[in-house]
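Notes for the one structure printed next.
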Amino acid sequence: MIIKRASEFKSSEITDKAVYLKRREFLKAAGIVSAGAAIPGLLAARVEAAAQKLQYIKNKKYLLDESLTPYQDVTTYNNFYEFGTGKADPARNATHFKTRPWTITVEGHARKTGTFDLDDIIKPHSLEERIYRLRCVEAWSMVIPWVGIPLADVVKRLQPTSKAKYVQFVTLHDPKQMPGQGGFLGGGLQWPYVEGLRMDEALNPLPLLAVGLYGEVLPNQNGAPVRLVVPWKYGFKSIKSIVKIRFVESQPPTTWNLAAPHEYGFYSNVNPEVDHPRWSQARERRLGDGSFFAPKRPTLMFNGYGEQVAHLYRGMDLKKYY
Ligand SMILES: Nc1nc2c(c(=O)[nH]1)N[C@H]1C(S)=C(S)[C@@H](COP(=O)(O)O)O[C@H]1N2
Ligand SMILES: [Mo]
């Protein structure tokens, strides 16, 4: 008990400090030097947007005794192919992405279907913060204080029927705003980006529908205004800028599985024992750990969330269902 309390205290302290440091870093990065320096209109607008605070409670059940990945790394090294395939592209190309008004359309086997305003799906007063690892299939990982609500709460409220065996998620399709959807800039993926979870995975307490990180509204490059965070699966399951939730009977198609079925399966559970055909998944580089050449750390089964999710896959051959 004492240990638990000590770690709770530590983590919340880290969060606050990181937010503080991050803002200083942002100001530095934006070239805003010191008092008296004139702030050009555009930069001032970006500072304001980045500082849009959220109201939330810290969920002390979801803390980690690991350092948080600095805000700077979390928001400048991204995968969001709608804005380009380079890690720096999303931060550069998503600055003018329009995230309000935003609706989510619910379709398929559920009692509550239709188009809802984002604030009706995720009530602003019900937000919580959870610190989760997220590991990209490309063997880098991050530790982030996410702000959102459990996906399971939303799913239950929409009242899926017994025919709903899977939940599919769809990203916005808007090539005018998302240059990657227009041509080769998006790496040849099929649009819109789609993802899915089995119903019992969607009802597990871990997955979050996130609207923020580090206590603030999600930066566009991180999937604003709402994205999934499924911490025991490779990062590509954590679909960004969601506009549609569908309750379906059979396993839905998913973007990376469509693009390269031998490399990316439907389940995509983090598993150090099942290598990607072109590289090992046994170790990972933690963003913000220093240089690219800093020692890698071992990847944990289910990204360290086995206690909460291993039962979902009991009896399944995880080499076959990768
Ligand atoms: N719509 C959409 N969602 C996406 C992606 C994408 O290209 N498009 N990339 C995925 C991948 S591969 C990862 S690792 C995470 C990265 O999230 P982050 O940029 O917040 O770190 O987003 C995922 N969600
Ligand atoms: Mo990823």
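So you can find residues: chains in the structure tokens are A, B, ... in the order shown, residues in each start at 1, and ligands are numbered from 1 in order.
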Please provide as a PyMOL selection string all residues within 10 Å of stretch 194-203 of chain A, with the sequence filter that same-chain residues fewer than 4 positions apart are discarded (counting only C-alpha atoms).
chain A and resi 150-156+160+164-172+190+207-208+228+230+236-240+242+244-258+266-267+309+312-313
Dump the neighbourhood of ligand 2 as a PDB file with all heavy atoms, in the first residue's frame: all residues within 10 Å, distances computed on only C-alpha atoms and all ligand atoms.
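Writing done, so here's part_2.pdb:
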ATOM      1  N   ASN A  78       5.658  11.595 -35.118  1.00  0.00           N
ATOM      2  CA  ASN A  78       4.336  10.974 -35.201  1.00  0.00           C
ATOM      3  C   ASN A  78       4.152  10.112 -36.445  1.00  0.00           C
ATOM      4  O   ASN A  78       4.779  10.354 -37.472  1.00  0.00           O
ATOM      5  CB  ASN A  78       3.235  12.060 -35.242  1.00  0.00           C
ATOM      6  CG  ASN A  78       3.289  12.979 -34.049  1.00  0.00           C
ATOM      7  OD1 ASN A  78       3.841  14.063 -34.125  1.00  0.00           O
ATOM      8  ND2 ASN A  78       2.727  12.552 -32.950  1.00  0.00           N
ATOM      9  N   ASN A  79       3.256   9.165 -36.333  1.00  0.00           N
ATOM     10  CA  ASN A  79       2.731   8.466 -37.501  1.00  0.00           C
ATOM     11  C   ASN A  79       1.294   8.916 -37.699  1.00  0.00           C
ATOM     12  O   ASN A  79       0.449   8.726 -36.808  1.00  0.00           O
ATOM     13  CB  ASN A  79       2.766   6.945 -37.293  1.00  0.00           C
ATOM     14  CG  ASN A  79       4.072   6.329 -37.752  1.00  0.00           C
ATOM     15  OD1 ASN A  79       4.799   6.930 -38.546  1.00  0.00           O
ATOM     16  ND2 ASN A  79       4.370   5.137 -37.277  1.00  0.00           N
ATOM     17  N   PHE A  80       1.035   9.532 -38.832  1.00  0.00           N
ATOM     18  CA  PHE A  80      -0.319   9.968 -39.187  1.00  0.00           C
ATOM     19  C   PHE A  80      -0.258  10.199 -40.691  1.00  0.00           C
ATOM     20  O   PHE A  80      -0.049  11.317 -41.160  1.00  0.00           O
ATOM     21  CB  PHE A  80      -0.695  11.250 -38.419  1.00  0.00           C
ATOM     22  CG  PHE A  80      -2.166  11.566 -38.348  1.00  0.00           C
ATOM     23  CD1 PHE A  80      -2.617  12.600 -37.524  1.00  0.00           C
ATOM     24  CD2 PHE A  80      -3.109  10.852 -39.077  1.00  0.00           C
ATOM     25  CE1 PHE A  80      -3.968  12.910 -37.414  1.00  0.00           C
ATOM     26  CE2 PHE A  80      -4.467  11.150 -38.984  1.00  0.00           C
ATOM     27  CZ  PHE A  80      -4.883  12.189 -38.150  1.00  0.00           C
ATOM     28  N   LEU A 134       2.610   3.360 -25.112  1.00  0.00           N
ATOM     29  CA  LEU A 134       2.147   3.017 -26.455  1.00  0.00           C
ATOM     30  C   LEU A 134       3.378   2.612 -27.245  1.00  0.00           C
ATOM     31  O   LEU A 134       4.382   3.329 -27.241  1.00  0.00           O
ATOM     32  CB  LEU A 134       1.435   4.205 -27.120  1.00  0.00           C
ATOM     33  CG  LEU A 134       0.686   3.873 -28.421  1.00  0.00           C
ATOM     34  CD1 LEU A 134      -0.423   2.856 -28.215  1.00  0.00           C
ATOM     35  CD2 LEU A 134       0.100   5.142 -29.038  1.00  0.00           C
ATOM     36  N   ARG A 135       3.301   1.433 -27.868  1.00  0.00           N
ATOM     37  CA  ARG A 135       4.471   0.944 -28.609  1.00  0.00           C
ATOM     38  C   ARG A 135       4.133   0.828 -30.085  1.00  0.00           C
ATOM     39  O   ARG A 135       3.203   0.122 -30.486  1.00  0.00           O
ATOM     40  CB  ARG A 135       4.918  -0.421 -28.097  1.00  0.00           C
ATOM     41  CG  ARG A 135       6.259  -0.851 -28.730  1.00  0.00           C
ATOM     42  CD  ARG A 135       6.479  -2.326 -28.514  1.00  0.00           C
ATOM     43  NE  ARG A 135       7.776  -2.816 -28.968  1.00  0.00           N
ATOM     44  CZ  ARG A 135       8.066  -3.088 -30.231  1.00  0.00           C
ATOM     45  NH1 ARG A 135       7.203  -2.862 -31.197  1.00  0.00           N
ATOM     46  NH2 ARG A 135       9.248  -3.596 -30.540  1.00  0.00           N
ATOM     47  N   CYS A 136       4.898   1.514 -30.870  1.00  0.00           N
ATOM     48  CA  CYS A 136       4.715   1.456 -32.322  1.00  0.00           C
ATOM     49  C   CYS A 136       5.291   0.142 -32.836  1.00  0.00           C
ATOM     50  O   CYS A 136       6.256  -0.388 -32.285  1.00  0.00           O
ATOM     51  CB  CYS A 136       5.415   2.632 -32.986  1.00  0.00           C
ATOM     52  SG  CYS A 136       5.229   2.658 -34.774  1.00  0.00           S
ATOM     53  N   VAL A 137       4.695  -0.383 -33.906  1.00  0.00           N
ATOM     54  CA  VAL A 137       5.183  -1.611 -34.517  1.00  0.00           C
ATOM     55  C   VAL A 137       6.603  -1.416 -35.060  1.00  0.00           C
ATOM     56  O   VAL A 137       7.350  -2.366 -35.234  1.00  0.00           O
ATOM     57  CB  VAL A 137       4.187  -2.079 -35.616  1.00  0.00           C
ATOM     58  CG1 VAL A 137       4.280  -1.197 -36.845  1.00  0.00           C
ATOM     59  CG2 VAL A 137       4.385  -3.537 -35.961  1.00  0.00           C
ATOM     60  N   GLU A 138       6.980  -0.158 -35.278  1.00  0.00           N
ATOM     61  CA  GLU A 138       8.332   0.143 -35.760  1.00  0.00           C
ATOM     62  C   GLU A 138       9.379   0.140 -34.641  1.00  0.00           C
ATOM     63  O   GLU A 138      10.486   0.631 -34.823  1.00  0.00           O
ATOM     64  CB  GLU A 138       8.354   1.498 -36.476  1.00  0.00           C
ATOM     65  CG  GLU A 138       7.553   1.504 -37.756  1.00  0.00           C
ATOM     66  CD  GLU A 138       7.341   2.903 -38.293  1.00  0.00           C
ATOM     67  OE1 GLU A 138       8.209   3.386 -39.042  1.00  0.00           O
ATOM     68  OE2 GLU A 138       6.311   3.522 -37.954  1.00  0.00           O
ATOM     69  N   ALA A 139       9.020  -0.398 -33.482  1.00  0.00           N
ATOM     70  CA  ALA A 139       9.956  -0.641 -32.383  1.00  0.00           C
ATOM     71  C   ALA A 139      10.424   0.606 -31.639  1.00  0.00           C
ATOM     72  O   ALA A 139      11.541   0.656 -31.139  1.00  0.00           O
ATOM     73  CB  ALA A 139      11.146  -1.493 -32.849  1.00  0.00           C
ATOM     74  N   TRP A 140       9.547   1.616 -31.569  1.00  0.00           N
ATOM     75  CA  TRP A 140       9.779   2.706 -30.620  1.00  0.00           C
ATOM     76  C   TRP A 140       8.547   2.812 -29.732  1.00  0.00           C
ATOM     77  O   TRP A 140       7.464   2.336 -30.094  1.00  0.00           O
ATOM     78  CB  TRP A 140      10.084   4.044 -31.300  1.00  0.00           C
ATOM     79  CG  TRP A 140       9.237   4.390 -32.490  1.00  0.00           C
ATOM     80  CD1 TRP A 140       9.490   4.046 -33.791  1.00  0.00           C
ATOM     81  CD2 TRP A 140       8.022   5.152 -32.512  1.00  0.00           C
ATOM     82  NE1 TRP A 140       8.507   4.536 -34.601  1.00  0.00           N
ATOM     83  CE2 TRP A 140       7.602   5.226 -33.854  1.00  0.00           C
ATOM     84  CE3 TRP A 140       7.253   5.792 -31.532  1.00  0.00           C
ATOM     85  CZ2 TRP A 140       6.440   5.896 -34.250  1.00  0.00           C
ATOM     86  CZ3 TRP A 140       6.105   6.461 -31.927  1.00  0.00           C
ATOM     87  CH2 TRP A 140       5.711   6.512 -33.257  1.00  0.00           C
ATOM     88  N   SER A 141       8.736   3.399 -28.561  1.00  0.00           N
ATOM     89  CA  SER A 141       7.619   3.459 -27.620  1.00  0.00           C
ATOM     90  C   SER A 141       7.642   4.766 -26.849  1.00  0.00           C
ATOM     91  O   SER A 141       8.629   5.506 -26.885  1.00  0.00           O
ATOM     92  CB  SER A 141       7.679   2.276 -26.658  1.00  0.00           C
ATOM     93  OG  SER A 141       8.873   2.313 -25.907  1.00  0.00           O
ATOM     94  N   LYS A 233      -1.705  -3.123 -27.738  1.00  0.00           N
ATOM     95  CA  LYS A 233      -1.568  -3.414 -29.172  1.00  0.00           C
ATOM     96  C   LYS A 233      -0.621  -2.418 -29.827  1.00  0.00           C
ATOM     97  O   LYS A 233      -0.426  -1.311 -29.328  1.00  0.00           O
ATOM     98  CB  LYS A 233      -2.947  -3.345 -29.840  1.00  0.00           C
ATOM     99  CG  LYS A 233      -3.876  -4.466 -29.394  1.00  0.00           C
ATOM    100  CD  LYS A 233      -5.233  -4.341 -30.036  1.00  0.00           C
ATOM    101  CE  LYS A 233      -6.164  -5.448 -29.578  1.00  0.00           C
ATOM    102  NZ  LYS A 233      -5.916  -6.736 -30.252  1.00  0.00           N
ATOM    103  N   TYR A 234      -0.048  -2.830 -30.959  1.00  0.00           N
ATOM    104  CA  TYR A 234       0.840  -1.928 -31.686  1.00  0.00           C
ATOM    105  C   TYR A 234       0.096  -0.642 -32.036  1.00  0.00           C
ATOM    106  O   TYR A 234      -1.129  -0.632 -32.239  1.00  0.00           O
ATOM    107  CB  TYR A 234       1.385  -2.615 -32.936  1.00  0.00           C
ATOM    108  CG  TYR A 234       2.366  -3.708 -32.594  1.00  0.00           C
ATOM    109  CD1 TYR A 234       2.120  -5.036 -32.934  1.00  0.00           C
ATOM    110  CD2 TYR A 234       3.530  -3.418 -31.881  1.00  0.00           C
ATOM    111  CE1 TYR A 234       3.020  -6.052 -32.593  1.00  0.00           C
ATOM    112  CE2 TYR A 234       4.425  -4.427 -31.528  1.00  0.00           C
ATOM    113  CZ  TYR A 234       4.167  -5.736 -31.892  1.00  0.00           C
ATOM    114  OH  TYR A 234       5.055  -6.728 -31.535  1.00  0.00           O
ATOM    115  N   GLY A 235       0.875   0.437 -32.111  1.00  0.00           N
ATOM    116  CA  GLY A 235       0.324   1.787 -32.250  1.00  0.00           C
ATOM    117  C   GLY A 235      -0.685   1.960 -33.358  1.00  0.00           C
ATOM    118  O   GLY A 235      -1.605   2.780 -33.225  1.00  0.00           O
ATOM    119  N   PHE A 236      -0.559   1.199 -34.442  1.00  0.00           N
ATOM    120  CA  PHE A 236      -1.466   1.462 -35.569  1.00  0.00           C
ATOM    121  C   PHE A 236      -2.922   1.106 -35.271  1.00  0.00           C
ATOM    122  O   PHE A 236      -3.816   1.521 -35.995  1.00  0.00           O
ATOM    123  CB  PHE A 236      -0.965   0.785 -36.858  1.00  0.00           C
ATOM    124  CG  PHE A 236      -0.878  -0.717 -36.828  1.00  0.00           C
ATOM    125  CD1 PHE A 236      -1.992  -1.497 -37.107  1.00  0.00           C
ATOM    126  CD2 PHE A 236       0.333  -1.349 -36.553  1.00  0.00           C
ATOM    127  CE1 PHE A 236      -1.911  -2.885 -37.107  1.00  0.00           C
ATOM    128  CE2 PHE A 236       0.422  -2.740 -36.555  1.00  0.00           C
ATOM    129  CZ  PHE A 236      -0.692  -3.506 -36.824  1.00  0.00           C
ATOM    130  N   LYS A 237      -3.176   0.326 -34.191  1.00  0.00           N
ATOM    131  CA  LYS A 237      -4.568   0.073 -33.799  1.00  0.00           C
ATOM    132  C   LYS A 237      -5.197   1.328 -33.190  1.00  0.00           C
ATOM    133  O   LYS A 237      -6.416   1.437 -33.124  1.00  0.00           O
ATOM    134  CB  LYS A 237      -4.641  -1.055 -32.762  1.00  0.00           C
ATOM    135  CG  LYS A 237      -4.127  -2.403 -33.206  1.00  0.00           C
ATOM    136  CD  LYS A 237      -4.908  -3.028 -34.330  1.00  0.00           C
ATOM    137  CE  LYS A 237      -6.237  -3.626 -33.898  1.00  0.00           C
ATOM    138  NZ  LYS A 237      -6.920  -4.302 -35.041  1.00  0.00           N
ATOM    139  N   SER A 238      -4.359   2.253 -32.718  1.00  0.00           N
ATOM    140  CA  SER A 238      -4.862   3.448 -32.026  1.00  0.00           C
ATOM    141  C   SER A 238      -5.225   4.527 -33.048  1.00  0.00           C
ATOM    142  O   SER A 238      -4.534   5.525 -33.212  1.00  0.00           O
ATOM    143  CB  SER A 238      -3.819   3.944 -31.024  1.00  0.00           C
ATOM    144  OG  SER A 238      -3.671   3.000 -29.975  1.00  0.00           O
ATOM    145  N   TRP A 256      -3.760  -1.450 -42.136  1.00  0.00           N
ATOM    146  CA  TRP A 256      -2.420  -2.019 -42.324  1.00  0.00           C
ATOM    147  C   TRP A 256      -2.487  -3.483 -42.734  1.00  0.00           C
ATOM    148  O   TRP A 256      -1.607  -3.985 -43.432  1.00  0.00           O
ATOM    149  CB  TRP A 256      -1.546  -1.806 -41.081  1.00  0.00           C
ATOM    150  CG  TRP A 256      -1.023  -0.411 -41.097  1.00  0.00           C
ATOM    151  CD1 TRP A 256      -1.498   0.654 -40.394  1.00  0.00           C
ATOM    152  CD2 TRP A 256       0.036   0.088 -41.935  1.00  0.00           C
ATOM    153  NE1 TRP A 256      -0.805   1.785 -40.740  1.00  0.00           N
ATOM    154  CE2 TRP A 256       0.144   1.464 -41.673  1.00  0.00           C
ATOM    155  CE3 TRP A 256       0.888  -0.498 -42.867  1.00  0.00           C
ATOM    156  CZ2 TRP A 256       1.083   2.276 -42.319  1.00  0.00           C
ATOM    157  CZ3 TRP A 256       1.817   0.299 -43.513  1.00  0.00           C
ATOM    158  CH2 TRP A 256       1.913   1.670 -43.231  1.00  0.00           C
TER     159      TRP A 256
END
Atom-to-atom span, atom CA of A:Gln72 and atom CA of A:Ile104, Å:
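Value for the atom CA of A:Gln72-atom CA of A:Ile104 distance: 29.3 Å.
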Smallest atom-to-atom distance to A:Arg100: which of A:Leu189, A:Val147, A:Leu318, A:Ala224, using only C-alpha atoms?
A:Ala224
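One distance worth recording is that between atom CA of A:Glu307 and atom CA of A:Asn271, which is 14.2 Å.
For the pair atom CA of A:Arg297 and atom CA of A:Trp146, the interatomic distance is 22.3 Å.
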Within 9 Å of stretch 82-85 of chain A using only C-alpha atoms, minus same-chain residues under 3 positions, as a ChimeraX atom specification:
/A:79,88-94,173,175,177-182,184-187,191-193,221
Keeping only C-alpha atoms, write the selected residues as a compact mmCIF listing (two decimals), in the first residue's frame.
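And here's out_14.txt as it stands now:
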# COMPACT_ATOMS: atom_id res chain seq x y z
CA ASN A 79 2.73 8.47 -37.50
CA ALA A 88 7.95 15.14 -38.82
CA ASP A 89 5.22 15.55 -41.45
CA PRO A 90 2.11 15.45 -39.22
CA ALA A 91 3.33 18.25 -36.92
CA ARG A 92 4.10 20.34 -40.01
CA ASN A 93 1.10 19.52 -42.19
CA ALA A 94 -1.74 19.28 -39.67
CA HIS A 173 -11.78 11.14 -45.24
CA PRO A 175 -8.28 14.89 -49.05
CA GLN A 177 -7.46 18.81 -45.50
CA MET A 178 -5.40 15.63 -45.45
CA PRO A 179 -2.81 15.81 -48.20
CA GLY A 180 -1.70 12.20 -47.66
CA GLN A 181 -5.11 11.02 -48.89
CA GLY A 182 -4.56 12.69 -52.24
CA PHE A 184 1.70 9.18 -52.94
CA LEU A 185 2.36 11.44 -49.94
CA GLY A 186 0.22 8.99 -47.91
CA GLY A 187 2.35 5.95 -48.71
CA TRP A 191 -8.48 5.72 -47.37
CA PRO A 192 -10.15 6.29 -45.05
CA TYR A 193 -7.99 4.65 -42.41
CA GLN A 221 -0.76 15.54 -35.21
Which of these residues is nearest to A:Thr99, using only C-alpha atoms: A:Gly315, A:Pro225, A:Gly290, A:Pro231?
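That would be A:Pro225, the residue with the smallest distance to A:Thr99.
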Mind listing the helix (DSSP H, G or I) residues of stretch 115-251 of chain A, per DSSP on the backbone, as an MDAnalysis selection string?
chainID A and resid 118:121 124:126 151:158 179:181 184:186 199:203 220:222 235:237
Using only C-alpha atoms and all ligand atoms, which of A:Ile122, A:Leu63, A:Leu218, A:Ile149 sits nearest ligand 1?
A:Leu218
Considering only C-alpha atoms, return as a ChimeraX atom specification whatever protein or nucleic-acid residues lie within 10 Å of A:Val143, sequence-local ones (same chain, fewer than 2 positions apart) excluded.
/A:64,66-70,74,131-135,141,145-146,231,286-288
Neighbouring residues of A:Pro101 were defined as those with any atom within 10 Å, considering only C-alpha atoms; residues of the same chain fewer than 4 positions away were excluded. Please report them as a VMD selection string.
chain A and resid 117 to 119 225
Pick from A:Met142, A:Met316, A:Leu158, A:Leu300 nearest to ligand 1, counting only C-alpha atoms and all ligand atoms:
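Ranking A:Met142, A:Met316, A:Leu158, A:Leu300 by distance to ligand 1, first place goes to A:Met142.
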Residue with smallest distance to ligand 1 - pool A:Gly223, A:Gly183, A:Pro124, A:Gly148, counting only C-alpha atoms and all ligand atoms:
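The answer is A:Gly223, which sits nearest to ligand 1.
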DSSP-assigned strand (DSSP E or B) members of stretch 137-310 of chain A, reported as a ChimeraX atom specification
/A:140-150,160,166-171,194-198,208-213,216-217,227-229,233,242-248,269,276,279,283-286,297-298
Filtering to N, CA and C atoms, could you give me those residues as a short mmCIF file (atom, residue, chain, number, x, y, z; two decimals), in the first residue's frame?
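Writing the result to part-v2.cif gives the following:
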data_model
loop_
_atom_site.label_atom_id
_atom_site.label_comp_id
_atom_site.auth_asym_id
_atom_site.auth_seq_id
_atom_site.Cartn_x
_atom_site.Cartn_y
_atom_site.Cartn_z
N TRP A 140 9.55 1.62 -31.57
CA TRP A 140 9.78 2.71 -30.62
C TRP A 140 8.55 2.81 -29.73
N SER A 141 8.74 3.40 -28.56
CA SER A 141 7.62 3.46 -27.62
C SER A 141 7.64 4.77 -26.85
N MET A 142 6.52 5.02 -26.20
CA MET A 142 6.35 6.28 -25.46
C MET A 142 5.53 6.01 -24.21
N VAL A 143 5.65 6.90 -23.23
CA VAL A 143 4.79 6.87 -22.04
C VAL A 143 4.11 8.23 -21.96
N ILE A 144 2.77 8.20 -22.01
CA ILE A 144 2.03 9.45 -22.19
C ILE A 144 0.88 9.55 -21.20
N PRO A 145 0.69 10.73 -20.57
CA PRO A 145 -0.52 10.94 -19.79
C PRO A 145 -1.67 11.34 -20.73
N TRP A 146 -2.51 10.37 -21.04
CA TRP A 146 -3.64 10.59 -21.95
C TRP A 146 -4.82 11.14 -21.17
N VAL A 147 -5.67 11.91 -21.82
CA VAL A 147 -6.93 12.36 -21.21
C VAL A 147 -8.06 11.90 -22.12
N GLY A 148 -9.03 11.22 -21.53
CA GLY A 148 -10.14 10.73 -22.33
C GLY A 148 -11.15 10.00 -21.47
N ILE A 149 -11.94 9.14 -22.10
CA ILE A 149 -12.85 8.30 -21.32
C ILE A 149 -12.72 6.86 -21.83
N PRO A 150 -13.05 5.89 -20.98
CA PRO A 150 -12.93 4.50 -21.43
C PRO A 150 -13.86 4.25 -22.63
N PRO A 160 -24.96 -1.91 -28.05
CA PRO A 160 -24.85 -2.88 -29.15
C PRO A 160 -25.75 -4.09 -28.90
N TYR A 166 -17.93 -7.25 -33.38
CA TYR A 166 -16.73 -6.41 -33.56
C TYR A 166 -17.15 -4.95 -33.61
N VAL A 167 -16.20 -4.07 -33.31
CA VAL A 167 -16.41 -2.64 -33.46
C VAL A 167 -15.40 -2.12 -34.47
N GLN A 168 -15.89 -1.42 -35.48
CA GLN A 168 -15.00 -0.83 -36.46
C GLN A 168 -14.94 0.68 -36.25
N PHE A 169 -13.76 1.25 -36.50
CA PHE A 169 -13.55 2.69 -36.36
C PHE A 169 -13.06 3.24 -37.69
N VAL A 170 -13.51 4.44 -38.04
CA VAL A 170 -13.15 5.04 -39.33
C VAL A 170 -12.64 6.46 -39.09
N THR A 171 -11.52 6.78 -39.73
CA THR A 171 -10.95 8.13 -39.66
C THR A 171 -11.63 9.02 -40.70
N VAL A 194 -9.00 2.66 -41.46
CA VAL A 194 -9.99 1.91 -40.67
C VAL A 194 -9.28 0.98 -39.68
N GLU A 195 -9.91 0.75 -38.56
CA GLU A 195 -9.39 -0.15 -37.55
C GLU A 195 -10.55 -0.88 -36.89
N GLY A 196 -10.22 -1.87 -36.07
CA GLY A 196 -11.30 -2.60 -35.42
C GLY A 196 -10.83 -3.36 -34.20
N LEU A 197 -11.78 -3.67 -33.34
CA LEU A 197 -11.54 -4.47 -32.15
C LEU A 197 -12.65 -5.52 -32.04
N ARG A 198 -12.30 -6.66 -31.46
CA ARG A 198 -13.33 -7.63 -31.11
C ARG A 198 -14.15 -7.01 -29.98
N LEU A 208 -8.92 3.59 -24.37
CA LEU A 208 -9.43 4.94 -24.13
C LEU A 208 -9.83 5.60 -25.44
N LEU A 209 -10.87 6.39 -25.40
CA LEU A 209 -11.11 7.37 -26.45
C LEU A 209 -10.49 8.65 -25.91
N ALA A 210 -9.37 9.04 -26.49
CA ALA A 210 -8.60 10.17 -25.94
C ALA A 210 -8.90 11.45 -26.70
N VAL A 211 -9.03 12.52 -25.93
CA VAL A 211 -9.22 13.85 -26.51
C VAL A 211 -8.09 14.79 -26.10
N GLY A 212 -7.17 14.28 -25.27
CA GLY A 212 -6.09 15.15 -24.82
C GLY A 212 -4.87 14.37 -24.39
N LEU A 213 -3.78 15.09 -24.19
CA LEU A 213 -2.58 14.53 -23.56
C LEU A 213 -1.87 15.63 -22.81
N GLU A 216 -3.94 18.72 -21.85
CA GLU A 216 -4.42 19.69 -22.84
C GLU A 216 -5.05 18.97 -24.02
N VAL A 217 -5.84 19.73 -24.76
CA VAL A 217 -6.48 19.21 -25.97
C VAL A 217 -5.43 18.56 -26.88
N ARG A 227 -9.17 10.15 -30.63
CA ARG A 227 -8.47 8.98 -31.15
C ARG A 227 -8.55 7.86 -30.12
N LEU A 228 -8.30 6.67 -30.61
CA LEU A 228 -8.29 5.52 -29.74
C LEU A 228 -6.89 5.37 -29.14
N VAL A 229 -6.81 4.83 -27.92
CA VAL A 229 -5.52 4.41 -27.36
C VAL A 229 -5.72 2.99 -26.80
N LYS A 233 -1.71 -3.12 -27.74
CA LYS A 233 -1.57 -3.41 -29.17
C LYS A 233 -0.62 -2.42 -29.83
N ILE A 242 -11.29 10.09 -35.37
CA ILE A 242 -12.39 9.14 -35.65
C ILE A 242 -13.70 9.89 -35.96
N VAL A 243 -14.36 9.48 -37.05
CA VAL A 243 -15.67 10.05 -37.40
C VAL A 243 -16.79 9.01 -37.42
N LYS A 244 -16.41 7.73 -37.35
CA LYS A 244 -17.44 6.70 -37.45
C LYS A 244 -17.12 5.52 -36.55
N ILE A 245 -18.17 5.00 -35.90
CA ILE A 245 -18.07 3.78 -35.10
C ILE A 245 -19.16 2.85 -35.61
N ARG A 246 -18.75 1.65 -36.03
CA ARG A 246 -19.71 0.70 -36.60
C ARG A 246 -19.71 -0.60 -35.80
N PHE A 247 -20.89 -1.07 -35.46
CA PHE A 247 -21.02 -2.36 -34.78
C PHE A 247 -21.34 -3.41 -35.83
N VAL A 248 -20.43 -4.36 -36.01
CA VAL A 248 -20.55 -5.30 -37.12
C VAL A 248 -20.48 -6.75 -36.65
N ASN A 269 -1.38 -7.68 -31.26
CA ASN A 269 -0.98 -7.55 -29.86
C ASN A 269 0.53 -7.40 -29.77
N HIS A 276 8.21 -9.16 -36.53
CA HIS A 276 7.73 -8.66 -37.81
C HIS A 276 8.58 -9.36 -38.87
N TRP A 279 11.80 -7.36 -39.19
CA TRP A 279 12.62 -6.94 -38.04
C TRP A 279 12.12 -7.60 -36.76
N ARG A 283 12.82 -5.90 -28.77
CA ARG A 283 13.29 -4.73 -28.03
C ARG A 283 12.71 -3.47 -28.64
N GLU A 284 12.82 -2.39 -27.88
CA GLU A 284 12.25 -1.13 -28.37
C GLU A 284 13.10 0.06 -27.93
N ARG A 285 12.99 1.12 -28.67
CA ARG A 285 13.65 2.37 -28.34
C ARG A 285 12.61 3.29 -27.73
N ARG A 286 12.90 3.83 -26.57
CA ARG A 286 11.95 4.74 -25.90
C ARG A 286 12.22 6.15 -26.39
N ARG A 297 15.32 -1.10 -24.80
CA ARG A 297 14.80 -1.86 -23.66
C ARG A 297 13.97 -3.04 -24.17
N PRO A 298 13.89 -4.10 -23.34
CA PRO A 298 13.11 -5.26 -23.80
C PRO A 298 11.62 -4.91 -23.92
#
A:Lys163, A:His262, A:Lys176, A:Lys87: which is nearest ligand 1, counting only C-alpha atoms and all ligand atoms?
A:Lys87
